[in-house]
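Undergrad: As input, take start_14.tsv (TSV, C-alpha atoms):
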chain	number	residue	atom	x	y	z
A	1	MET	CA	55.30	5.62	20.49
A	2	GLU	CA	53.25	4.61	23.52
A	3	GLN	CA	49.52	4.61	24.14
A	4	ALA	CA	47.66	4.19	27.41
A	5	VAL	CA	44.71	1.95	26.66
A	6	ASP	CA	42.46	3.73	29.13
A	7	GLN	CA	42.88	6.91	27.07
A	8	LEU	CA	41.44	5.29	23.94
A	9	THR	CA	37.79	5.16	22.93
A	10	ARG	CA	36.00	1.84	22.52
A	11	ALA	CA	36.10	2.28	18.73
A	12	GLU	CA	39.85	2.96	18.79
A	13	ILE	CA	40.52	-0.11	20.93
A	14	TYR	CA	38.39	-2.23	18.60
A	15	LYS	CA	40.32	-1.07	15.54
A	16	LEU	CA	43.73	-1.55	17.14
A	17	MET	CA	43.04	-5.00	18.57
A	18	ASN	CA	41.67	-6.21	15.24
A	19	CYS	CA	44.80	-4.92	13.49
A	20	MET	CA	47.27	-6.31	16.05
A	21	ILE	CA	45.91	-9.79	16.69
A	22	VAL	CA	46.20	-11.30	13.22
A	23	PRO	CA	45.65	-13.49	11.35
A	24	ARG	CA	42.52	-14.81	13.04
A	25	PRO	CA	40.64	-17.99	12.13
A	26	ILE	CA	37.05	-17.45	11.09
A	27	ALA	CA	34.06	-19.35	12.42
A	28	TRP	CA	31.37	-19.24	9.74
A	29	VAL	CA	28.34	-20.07	11.85
A	30	THR	CA	24.90	-21.39	10.99
A	31	THR	CA	22.17	-21.28	13.60
A	32	ILE	CA	18.43	-21.77	13.43
A	33	SER	CA	15.82	-19.50	14.94
A	34	GLU	CA	12.94	-20.74	17.05
A	35	THR	CA	10.75	-20.27	13.96
A	36	GLY	CA	13.05	-22.44	11.80
A	37	LEU	CA	14.92	-19.72	9.87
A	38	VAL	CA	18.59	-20.47	9.13
A	39	ASN	CA	21.05	-17.68	9.95
A	40	LEU	CA	24.65	-17.48	8.72
A	41	ALA	CA	27.40	-15.11	9.90
A	42	PRO	CA	31.21	-15.06	10.23
A	43	TYR	CA	33.07	-14.45	13.51
A	44	SER	CA	36.82	-13.94	13.60
A	45	THR	CA	37.27	-13.99	17.37
A	46	PHE	CA	37.28	-17.78	17.43
A	47	ASN	CA	39.60	-20.51	18.66
A	48	ILE	CA	40.08	-23.84	20.44
A	49	ILE	CA	39.16	-23.77	24.13
A	50	CYS	CA	39.74	-27.38	25.18
A	51	TYR	CA	40.46	-30.81	23.68
A	52	ASN	CA	38.77	-32.96	26.33
A	53	PRO	CA	35.92	-32.25	25.95
A	54	PRO	CA	36.39	-30.79	22.44
A	55	LEU	CA	35.35	-27.16	22.89
A	56	VAL	CA	35.60	-24.09	20.69
A	57	GLY	CA	34.94	-20.50	21.72
A	58	ILE	CA	33.46	-17.68	19.69
A	59	ASN	CA	33.09	-14.08	20.82
A	60	MET	CA	29.87	-12.65	19.40
A	61	ALA	CA	29.82	-8.91	19.92
A	62	HIS	CA	26.39	-7.30	20.17
A	63	ASN	CA	24.86	-5.08	17.51
A	64	THR	CA	25.52	-1.34	17.69
A	65	ASP	CA	22.13	-0.85	19.37
A	66	GLY	CA	23.17	-3.25	22.15
A	67	SER	CA	20.96	-6.16	21.07
A	68	ARG	CA	22.30	-9.69	20.61
A	69	LYS	CA	23.23	-10.76	17.10
A	70	ASP	CA	21.04	-13.44	15.53
A	71	SER	CA	23.74	-16.12	15.90
A	72	ALA	CA	24.12	-15.62	19.64
A	73	ARG	CA	20.39	-15.30	20.24
A	74	ASN	CA	19.66	-18.48	18.26
A	75	ALA	CA	22.50	-20.53	19.77
A	76	ILE	CA	21.47	-19.57	23.30
A	77	ALA	CA	17.78	-20.26	22.59
A	78	THR	CA	18.23	-23.63	20.83
A	79	GLY	CA	21.53	-24.83	22.29
A	80	GLU	CA	22.87	-25.72	18.83
A	81	LEU	CA	25.09	-24.30	16.08
A	82	VAL	CA	27.36	-25.41	13.25
A	83	VAL	CA	30.83	-23.90	12.83
A	84	HIS	CA	32.29	-23.95	9.32
A	85	ILE	CA	35.85	-23.37	8.17
A	86	ALA	CA	35.80	-21.53	4.84
A	87	ASP	CA	38.49	-21.78	2.19
A	88	GLU	CA	39.93	-19.05	-0.02
A	89	THR	CA	37.36	-19.65	-2.77
A	90	GLN	CA	34.51	-18.68	-0.42
A	91	VAL	CA	35.69	-15.20	0.55
A	92	ASP	CA	32.94	-13.38	-1.39
A	93	ALA	CA	30.10	-15.41	0.12
A	94	LEU	CA	31.62	-15.24	3.60
A	95	HIS	CA	32.04	-11.47	3.39
A	96	ALA	CA	28.52	-11.00	2.02
A	97	SER	CA	27.12	-12.98	4.96
A	98	ALA	CA	28.70	-10.46	7.36
A	99	TYR	CA	26.39	-7.64	6.27
A	100	PRO	CA	23.59	-6.95	8.78
A	101	HIS	CA	20.26	-8.37	7.71
A	102	PRO	CA	16.94	-8.40	9.56
A	103	PRO	CA	16.27	-11.54	11.63
A	104	GLU	CA	13.64	-12.67	9.11
A	105	VAL	CA	16.26	-12.91	6.33
A	106	SER	CA	18.08	-16.23	5.83
A	107	GLU	CA	21.60	-15.51	4.58
A	108	PRO	CA	22.12	-18.97	2.99
A	109	GLU	CA	18.89	-18.52	1.02
A	110	LEU	CA	19.76	-14.93	0.09
A	111	LEU	CA	23.24	-15.93	-1.10
A	112	GLY	CA	22.18	-19.18	-2.77
A	113	LEU	CA	24.32	-21.38	-0.51
A	114	PRO	CA	23.08	-25.00	-0.47
A	115	LEU	CA	22.47	-26.63	2.90
A	116	GLU	CA	22.52	-30.17	4.25
A	117	PRO	CA	20.54	-31.27	7.32
A	118	GLY	CA	22.40	-31.72	10.57
A	119	VAL	CA	22.77	-35.25	11.92
A	120	ASP	CA	23.14	-34.66	15.67
A	121	VAL	CA	21.76	-31.12	15.73
A	122	SER	CA	18.75	-29.52	14.07
A	123	VAL	CA	20.93	-26.82	12.47
A	124	PRO	CA	21.80	-27.41	8.79
A	125	TRP	CA	25.34	-27.04	7.47
A	126	LEU	CA	26.82	-25.51	4.31
A	127	ARG	CA	27.26	-28.25	1.72
A	128	ASP	CA	30.25	-26.57	0.03
A	129	ALA	CA	32.28	-25.73	3.14
A	130	PRO	CA	35.41	-27.87	3.45
A	131	LEU	CA	34.70	-28.41	7.16
A	132	ALA	CA	31.46	-28.22	9.13
A	133	LEU	CA	31.45	-28.88	12.88
A	134	GLU	CA	28.10	-29.71	14.43
A	135	CYS	CA	28.12	-28.28	17.97
A	136	ARG	CA	26.02	-28.07	21.09
A	137	LEU	CA	26.14	-25.02	23.31
A	138	LYS	CA	28.15	-25.73	26.44
A	139	GLN	CA	28.14	-22.29	28.02
A	140	SER	CA	27.43	-18.64	27.24
A	141	ILE	CA	29.48	-16.10	29.17
A	142	GLN	CA	28.93	-12.35	29.04
A	143	PHE	CA	32.08	-10.23	29.27
A	144	GLY	CA	30.80	-6.70	29.79
A	145	PRO	CA	27.47	-5.51	28.42
A	146	THR	CA	28.21	-5.88	24.69
A	147	SER	CA	29.58	-9.36	24.07
A	148	ASP	CA	28.57	-13.02	24.40
A	149	PHE	CA	31.33	-15.62	24.55
A	150	ILE	CA	29.83	-18.81	23.16
A	151	VAL	CA	31.51	-22.07	24.23
A	152	ALA	CA	30.41	-24.97	22.04
A	153	GLU	CA	31.17	-28.70	22.12
A	154	LEU	CA	31.91	-30.53	18.87
A	155	VAL	CA	29.65	-33.53	18.32
A	156	ARG	CA	30.11	-34.33	14.60
A	157	ILE	CA	32.55	-33.33	11.83
A	158	HIS	CA	31.65	-33.12	8.14
A	159	SER	CA	34.65	-32.81	5.82
A	160	ARG	CA	35.28	-32.58	2.11
A	161	ASP	CA	36.23	-35.96	0.67
A	162	GLY	CA	39.96	-36.65	1.05
A	163	LEU	CA	40.60	-33.67	3.32
A	164	ILE	CA	41.15	-35.64	6.56
A	165	ASN	CA	43.78	-38.37	6.54
A	166	ASP	CA	44.89	-40.17	9.73
A	167	ASN	CA	43.06	-37.47	11.74
A	168	LYS	CA	45.22	-34.78	10.14
A	169	ILE	CA	44.47	-32.06	7.61
A	170	ASP	CA	47.01	-30.72	5.14
A	171	SER	CA	46.70	-26.92	5.37
A	172	LYS	CA	47.79	-26.63	1.74
A	173	GLU	CA	44.73	-28.68	0.80
A	174	LEU	CA	42.35	-26.86	3.15
A	175	ARG	CA	43.52	-23.35	2.15
A	176	PRO	CA	41.70	-21.79	5.14
A	177	LEU	CA	40.60	-18.19	4.97
A	178	SER	CA	41.73	-15.87	7.78
A	179	ARG	CA	40.71	-12.40	8.92
A	180	LEU	CA	42.98	-9.39	9.16
A	181	ALA	CA	41.73	-5.87	9.95
A	182	GLY	CA	38.40	-4.51	8.78
A	183	PRO	CA	37.14	-5.99	5.50
A	184	VAL	CA	40.57	-7.52	4.82
A	185	TYR	CA	41.15	-11.27	4.58
A	186	GLY	CA	44.27	-13.38	4.41
A	187	ALA	CA	45.16	-16.35	2.26
A	188	ILE	CA	47.47	-18.98	3.68
A	189	GLY	CA	50.62	-18.20	1.64
A	190	PRO	CA	53.72	-20.37	2.03
A	191	VAL	CA	53.47	-23.21	4.55
A	192	ILE	CA	56.52	-23.56	6.82
A	193	VAL	CA	57.08	-27.04	8.28
A	194	LYS	CA	59.44	-27.50	11.27
A	195	SER	CA	60.40	-30.54	13.33
A	196	PRO	CA	57.93	-31.42	16.12
A	197	ALA	CA	58.71	-29.81	19.50
A	198	GLY	CA	60.07	-32.10	22.23
Any chance you could put this one into structure tokens?
TA:
Amino acid sequence: MEQAVDQLTRAEIYKLMNCMIVPRPIAWVTTISETGLVNLAPYSTFNIICYNPPLVGINMAHNTDGSRKDSARNAIATGELVVHIADETQVDALHASAYPHPPEVSEPELLGLPLEPGVDVSVPWLRDAPLALECRLKQSIQFGPTSDFIVAELVRIHSRDGLINDNKIDSKELRPLSRLAGPVYGAIGPVIVKSPAG
């Protein structure tokens, strides 16, 4: 079977790409509005951009009406965000935070997720997340009319006690949650360890 991409609709391309490029890490992002409201949402188009400086990138697609999502709007307005890595036990809360809510609704408050104040940024972080990365906005790039690519620089790391040892994290201890297609998530499964390359 072959398919010419230019013969597919935007919705078809979206579905196929989300099914093909798996598993994807999930950035569970808190931001704060200019009025002080804390927003929380997951984004599974997320990865490392650079190590020096330490940058991560998150694609934040716009809402169906073409408007920016709260996370992108807040991060661009304030220049700050916190990226969390969720574990397998947090799948229900993470999924619930993906539902669209009006800008005046705070997802952490709605879901009963306790927060801690940021140290280097004004954005609070989720107390129960195994990892929380305080970030400052480095750049926002628009690819087409319906997506903001947020590049953020890590400035502080909060981690669950005992999770980081010698600047390494045991994936079997972290048990990170990943995204597959649609409302489908992946657990880590068996961990395969090979000899270092080179």
Undergrad: Just want the 6 Å neighbourhood of segment 21-35 of chain A, counted on all atoms listed in the file, with same-chain residues fewer than 5 positions away dropped. Output as a PyMOL selection string.
TA: chain A and resi 40-44+71+74+81-84+123+178-180
Undergrad: Can you tell me, as number ranges by chain, what residues are no more than 10 Å from Val155 of chain A when counting all atoms listed in the file, ignoring any on the same chain fewer than 4 positions away?
TA: A: 53-55, 82, 119-121, 133-136
Undergrad: Mind checking which residues fall within 6 Å of His62 of chain A, counting all atoms listed in the file, ignoring those fewer than 2 positions away in the same chain, and posting them as a VMD selection string?
TA: chain A and resid 66 to 69 146 to 147
Undergrad: As an exercise, work out the distance from atom CA of Arg156 of chain A to atom CA of Ile141 of chain A in Å and give it to one decimal place.
TA: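 Here the two named atoms are 23.3 Å from each other.
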Undergrad: Please determine, counting only C-alpha atoms, which residue among A:Pro124, A:Cys19, A:Ser97, A:Val191 has the shortest atom-to-atom distance to Gly112 of chain A.
TA: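 Looking at the shortest contact to Gly112 of chain A, the residue is A:Ser97.
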Undergrad: Would you work out the distance separating atom CA of Glu116 of chain A from atom CA of Arg175 of chain A, expressed in Å to one decimal?
TA: 22.2 Å
Undergrad: What does the distance between atom CA of Arg127 of chain A and atom CA of Cys50 of chain A come to in Å, to one decimal place?
TA: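 Computing the Euclidean distance for atom CA of Arg127 of chain A and atom CA of Cys50 of chain A yields 26.6 Å.
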Undergrad: Taking 6 positions as the minimum chain separation for residues in the same chain, which residues sit within 9 Å of segment 161-168 of chain A when counting only C-alpha atoms? Answer as a list in words.
TA: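 The residues satisfying every condition are Pro130, Leu131 and Leu174 of chain A.
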Undergrad: Under the rule that all atoms listed in the file are counted, which of A:Asp128, A:Gln7, A:Met17, A:Leu110 is the nearest residue to Arg160 of chain A?
TA: A:Asp128
Undergrad: Using only C-alpha atoms for the distances, tell me which of A:Lys138, A:Glu2, A:Thr89, A:Ile49 is nearest to Gly186 of chain A.
TA: A:Thr89
Undergrad: Since the input is missing atoms, can you rebuild N, CA and C atoms for segment 128-145 of chain A and write them as a short mmCIF file (atom, residue, chain, number, x, y, z; two decimals), in the coordinates of the input?
TA:
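Generated output (result_34.cif):
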data_model
loop_
_atom_site.label_atom_id
_atom_site.label_comp_id
_atom_site.auth_asym_id
_atom_site.auth_seq_id
_atom_site.Cartn_x
_atom_site.Cartn_y
_atom_site.Cartn_z
N ASP A 128 28.99 -26.81 0.73
CA ASP A 128 30.25 -26.57 0.03
C ASP A 128 31.40 -26.15 0.93
N ALA A 129 31.18 -26.06 2.23
CA ALA A 129 32.28 -25.73 3.14
C ALA A 129 33.20 -26.94 3.27
N PRO A 130 34.52 -26.73 3.30
CA PRO A 130 35.41 -27.87 3.45
C PRO A 130 35.27 -28.58 4.79
N LEU A 131 34.91 -27.84 5.83
CA LEU A 131 34.70 -28.41 7.16
C LEU A 131 33.45 -27.82 7.79
N ALA A 132 32.64 -28.66 8.38
CA ALA A 132 31.46 -28.22 9.13
C ALA A 132 31.43 -28.99 10.44
N LEU A 133 31.39 -28.27 11.56
CA LEU A 133 31.45 -28.88 12.88
C LEU A 133 30.11 -28.70 13.58
N GLU A 134 29.35 -29.78 13.68
CA GLU A 134 28.10 -29.71 14.43
C GLU A 134 28.45 -29.55 15.91
N CYS A 135 27.79 -28.60 16.57
CA CYS A 135 28.12 -28.28 17.97
C CYS A 135 26.86 -28.12 18.81
N ARG A 136 27.05 -28.40 20.09
CA ARG A 136 26.02 -28.07 21.09
C ARG A 136 26.58 -27.02 22.03
N LEU A 137 25.73 -26.08 22.40
CA LEU A 137 26.14 -25.02 23.31
C LEU A 137 26.52 -25.61 24.66
N LYS A 138 27.70 -25.28 25.12
CA LYS A 138 28.15 -25.73 26.44
C LYS A 138 27.93 -24.63 27.47
N GLN A 139 28.25 -23.40 27.08
CA GLN A 139 28.14 -22.29 28.02
C GLN A 139 28.12 -20.97 27.24
N SER A 140 27.41 -20.01 27.77
CA SER A 140 27.43 -18.64 27.24
C SER A 140 27.86 -17.72 28.38
N ILE A 141 28.92 -16.97 28.14
CA ILE A 141 29.48 -16.10 29.17
C ILE A 141 29.44 -14.67 28.64
N GLN A 142 28.97 -13.75 29.46
CA GLN A 142 28.93 -12.35 29.04
C GLN A 142 30.10 -11.61 29.68
N PHE A 143 30.97 -11.05 28.82
CA PHE A 143 32.08 -10.23 29.27
C PHE A 143 31.70 -8.78 28.99
N GLY A 144 31.27 -8.05 30.01
CA GLY A 144 30.80 -6.70 29.79
C GLY A 144 29.42 -6.74 29.17
N PRO A 145 28.86 -5.57 28.87
CA PRO A 145 27.47 -5.51 28.42
C PRO A 145 27.28 -5.73 26.92
#
